[in-house]
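Right, one structure below, let's go through it.
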Amino acid sequence: MAFLIYLTYTPGVLKHLKLKRMPGIVIAIIVSFMRLWFSAAKIRALSENSLSWLASFRVMLSWDFTSSITPSTIGGAPMATYAMTKEGFNVGQSTAIILYSVLLDQLWFALAVPILLISGIFFEVVPNNTGMVGHVSMAMLYIGLLSYAGLMAYGVLKNPNAIKKVVNFLFKLPLLRRWREPVSKETDNLVEYSHELRQKPNSFLLKTFFLSTMSWLCRIALPTIVVLSLLPADVILSALRSLAMNLAFLIMPTPGGSGGVEGLFAIFQGPLIDRKAFIGLAVFAWRIISYYITVGLGMMATTWYINRSVVELKSDKKDSRETLESDISSPDSIS
C-alpha cells in the first residue's frame with residue numbers, strides 16, 4: 001500500500017477531492033458493517049438460532065481475523081470451528097456448520113463465474129493490460145472455483161461419508177494417530193449433522209444462501225463505493241471488476257492477501273480512476289475500511305476465545321489439584 005502511494009501520489013492532489021463525494025466513505029463503512037451482520041446472521045441461521053447474536057458476531061469476527069492474518073488459501077474456517085466449540089457445539093456439529101457455510105460461499109462463486117463470463121462479452125472485465133497471462137490466470141481460477149464448488153457440494157450434501165473417510169485416513173498417519181479415536185467419533189457427529197442439514201426444507205437453504213450472497217455483495221460493493229467517493233467512474237464495470245478481483249483474492253498466498261490484493265486493486269480499478277494520483281489514496285481508504293477495521297474487531301473476538309480457554313484450563317487444573325488433595329487427606333487414603 002505504501003509502495004502504491006509512493007508511485008502514484010503527487011503533491012496537491014488532495015485539493016481535487018470533492019466534499020460532495022466524501023459521504024461515500026461513510027457509506028462504505030456502513031456497507032462494511034452490513035457485511036459483518038449478514039455473515040453473522042448466516043452463522044446464526046445455520047446453527048438454527050442456537051447461537052446468540054453476540055456469539056454469532058464473535059464466531060464471524062474470529063473467522064475474519066484469522067483469514068486476515070493467514071494466507072488466503074488457508075482461510076479462517078479452522079478458527080471458526082474452534083470458536084463454535086467454545087460456544088457449546090461439539091466438534092462434529094461445528095465442522096458441519098462451518099463446512100455448510102463454506103459450501104454456500106462456493107455456490108455463490110459458482111454463480112459468479114458465469115456472470116463474469118457473460119459480462120466479459122460486453123465489458124472489459126479483465127483489463128487488457130494484464131495480457132494473456134491475466135486472462136489465462138482468470139480462466140484457470142474460474143475452472144478451479146467451479147471444481148472446488150462441485151467437490152464441496154458432493155461432500156457436504158451428497159456424500160458426507162467421503163469427508164469422513166478422508167479425515168480418518170489422514171489420522172492413520174504416525175504423527176496424527178494418537179488422536180484417531182476422538183476424531184473418529186467427531187466425524188460420526190459430522191456425518192450425522194450433515195444428514196440433518198440435508199433434510200432441512202428448501203426455505204432453509206434459500207435463506208442461508210441469501211444471507212451469504214448479501215455478505216458477498218457488500219464485500220464486492222466496497223471497492224466501487226470507495227472509487228466513486230473520490231471520482232466519477234463506470235459503476236457497472238467497476239462492480240464487475242470488483243467481483244473478478246475478489247475471486248482472485250482467494251488464491252493470494254500472503255497473510256490476508258497483503259501485497260497481492262493492493263496490486264489487483266490497482267490493476268482492476270486503477271484504469272477507471274482518471275487521476276492516477278488517487279489510486280494510492282483509494283487503496284488506502286479501501287484497505288482501512290475492509291481489512292483493518294475487521295482485524296481490530298476480530299482481534300478482540302479471538303482474544304476472548306483464547307482467554308476463555310486459559311480460564312478453563314486453569315479451572316480444570318485447580319479442580320484436579322483439589323480432587324487429588326481430597327483423596328490424599330481422606331481416611332481411606334491414609335490407611
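Order determines the names: the first chain of the C-alpha cells is A, the second B, and so forth; residues in each chain are numbered 1 upward, and ligands are numbered 1 upward as they are shown.
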
_Sel. of alpha helix (DSSP H) residues, segment 72-316 of chain A, as an MDAnalysis selection string_ = chainID A and resid 77:86 91:122 131:153 160:170 180:198 202:228 235:249 260:268 278:287 293:316

With a distance cut-off of 12 Å and only C-alpha atoms, select the neighbouring residues of Cys218 of chain A, excluding the residue or stretch itself and same-chain residues fewer than 5 positions from it, and output the selection as a compact mmCIF listing (two decimals) with C-alpha atoms, in the first residue's frame.
# COMPACT_ATOMS: atom_id res chain seq x y z
CA ILE A 27 -21.49 4.67 3.14
CA ALA A 28 -18.53 2.32 2.60
CA ILE A 29 -18.09 1.95 6.37
CA ILE A 30 -21.81 1.22 6.78
CA VAL A 31 -21.67 -1.38 3.99
CA SER A 32 -18.62 -2.97 5.67
CA PHE A 33 -20.59 -3.42 8.90
CA MET A 34 -23.58 -4.71 6.91
CA ARG A 35 -21.30 -7.41 5.51
CA LEU A 36 -20.40 -8.46 9.04
CA TRP A 37 -24.08 -8.51 10.02
CA PHE A 38 -25.08 -10.72 7.06
CA SER A 39 -22.18 -13.08 7.77
CA LEU A 211 -27.50 -14.16 3.62
CA SER A 212 -24.26 -15.48 2.11
CA THR A 213 -24.98 -13.68 -1.17
CA PRO A 223 -14.14 -1.03 -3.84
CA THR A 224 -16.67 0.58 -6.17
CA ILE A 225 -18.09 2.79 -3.40
CA ALA A 239 -18.55 -3.58 -9.86
CA SER A 242 -14.54 -5.83 -8.14
CA LEU A 243 -16.25 -9.21 -8.42
CA ASN A 246 -12.49 -10.60 -5.13
CA SER A 290 -12.49 -3.54 4.54

*Could you give me, as an NGL selection string, the residues within 8 Å of Ala301 of chain A, counting only C-alpha atoms and dropping anything in the same chain fewer than 6 positions from it?*
:A and (58-59 or 61-62)

Find the nearest atom pair between each residue of segment 143-242 of chain A and segment 104-128 of chain A for residues within 12 Å, count only C-alpha atoms, give distances in Å to one decimal, sort rows by chain and ascending number, and present the table as a tab-separated table.
residue	atom	partner	partner_atom	distance
A:Ile143	CA	A:Val113	CA	8.8
A:Gly144	CA	A:Ala110	CA	10.0
A:Leu145	CA	A:Phe109	CA	6.8
A:Leu146	CA	A:Ala110	CA	5.4
A:Ser147	CA	A:Ala110	CA	8.9
A:Tyr148	CA	A:Gln106	CA	7.5
A:Ala149	CA	A:Gln106	CA	4.9
A:Gly150	CA	A:Gln106	CA	8.5
A:Leu151	CA	A:Gln106	CA	9.8
A:Met152	CA	A:Gln106	CA	7.7
A:Ala153	CA	A:Leu107	CA	8.2
A:Tyr154	CA	A:Leu107	CA	11.8
A:Val156	CA	A:Leu104	CA	10.6
A:Leu157	CA	A:Leu104	CA	11.1
A:Phe204	CA	A:Leu104	CA	11.8
A:Leu205	CA	A:Leu104	CA	8.7
A:Leu206	CA	A:Leu104	CA	9.9
A:Lys207	CA	A:Leu104	CA	10.7
A:Thr208	CA	A:Leu104	CA	7.6
A:Phe209	CA	A:Leu104	CA	5.8
A:Phe210	CA	A:Leu104	CA	9.2
A:Leu211	CA	A:Leu104	CA	9.3
A:Ser212	CA	A:Asp105	CA	6.4
A:Thr213	CA	A:Trp108	CA	6.4
A:Met214	CA	A:Trp108	CA	10.1
A:Ser215	CA	A:Asp105	CA	9.5
A:Trp216	CA	A:Trp108	CA	8.2
A:Leu217	CA	A:Trp108	CA	10.0
A:Ile220	CA	A:Ala112	CA	11.3
A:Asp234	CA	A:Phe123	CA	10.8
A:Val235	CA	A:Phe123	CA	11.8
A:Ile236	CA	A:Phe123	CA	9.0
A:Leu237	CA	A:Phe123	CA	6.8
A:Ser238	CA	A:Val125	CA	8.5
A:Ala239	CA	A:Val125	CA	9.3
A:Leu240	CA	A:Val125	CA	6.2
A:Arg241	CA	A:Val125	CA	5.4
A:Ser242	CA	A:Val125	CA	9.1

_Ranking A:Tyr9, A:Pro23, A:Ser68, A:Ala55 by minimum distance to Trp304 of chain A and counting only C-alpha atoms, which one comes first?_
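Looking only at the distances to Trp304 of chain A, the closest residue turns out to be A:Ala55.
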
*Looking at A:Asn202, A:Ala80, A:Val191, A:Lys314, which one is nearest to Ala162 of chain A, with distances taken over only C-alpha atoms?*
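Of A:Asn202, A:Ala80, A:Val191, A:Lys314, the one nearest Ala162 of chain A is A:Val191, counting only C-alpha atoms.
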
Segment 58-132 of chain A near segment 249-257 of chain A within 12 Å: what's each residue's closest atom pair and its distance in Å to one decimal, counting only C-alpha atoms, ordered by chain then ascending residue number, as a tab-separated table?
residue	atom	partner	partner_atom	distance
A:Trp63	CA	A:Gly256	CA	11.9
A:Asp64	CA	A:Gly256	CA	9.4
A:Phe65	CA	A:Gly256	CA	8.9
A:Thr66	CA	A:Gly256	CA	8.5
A:Ser67	CA	A:Gly256	CA	5.9
A:Ser68	CA	A:Gly256	CA	3.9
A:Ile69	CA	A:Pro255	CA	4.7
A:Thr70	CA	A:Pro255	CA	4.2
A:Pro71	CA	A:Pro255	CA	4.1
A:Ser72	CA	A:Met252	CA	5.3
A:Thr73	CA	A:Ile251	CA	5.3
A:Ile74	CA	A:Pro253	CA	8.6
A:Gly75	CA	A:Gly256	CA	8.4
A:Gly76	CA	A:Gly256	CA	10.2
A:Asp105	CA	A:Leu250	CA	11.5
A:Gln106	CA	A:Leu250	CA	11.2
A:Phe109	CA	A:Leu250	CA	10.6

*For atom CA of Gly263 of chain A and atom CA of Leu281 of chain A, determine how far apart the two atoms are, in Å to one decimal place.*
13.4 Å

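Distance check against Met140 of chain A using only C-alpha atoms: of A:Ala248, A:Leu170, A:Val295, A:Val26, the minimum falls on A:Ala248.
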
*What's the 10 Å shell around Ile5 of chain A, counting only C-alpha atoms, without same-chain residues fewer than 5 positions away, as a list in words?*
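Answer for this query is Thr10, Ala277, Phe278, Ile279, Gly280, Leu281, Ala282, Val283 and Phe284 of chain A.
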
*For the atom pair atom CA of Ser94 of chain A and atom CA of Ser47 of chain A, what is the interatomic distance in Å to one decimal place?*
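Interatomic distance here is 8.9 Å.
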
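Distances to Tyr82 of chain A were evaluated for A:Val311, A:Thr302, A:Pro11, A:Ala41 using only C-alpha atoms, and the minimum falls at A:Thr302.
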
*Provide the atom CA of Ile293 of chain A to atom CA of Gln269 of chain A distance in Å, to one decimal place.*
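Distance reported for this atom pair: 21.7 Å.
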
*Using only C-alpha atoms, pick whichever of A:Tyr292, A:Ala285, A:Arg275, A:Arg178 has the shortest atom-to-atom distance to Ser258 of chain A.*
A:Tyr292
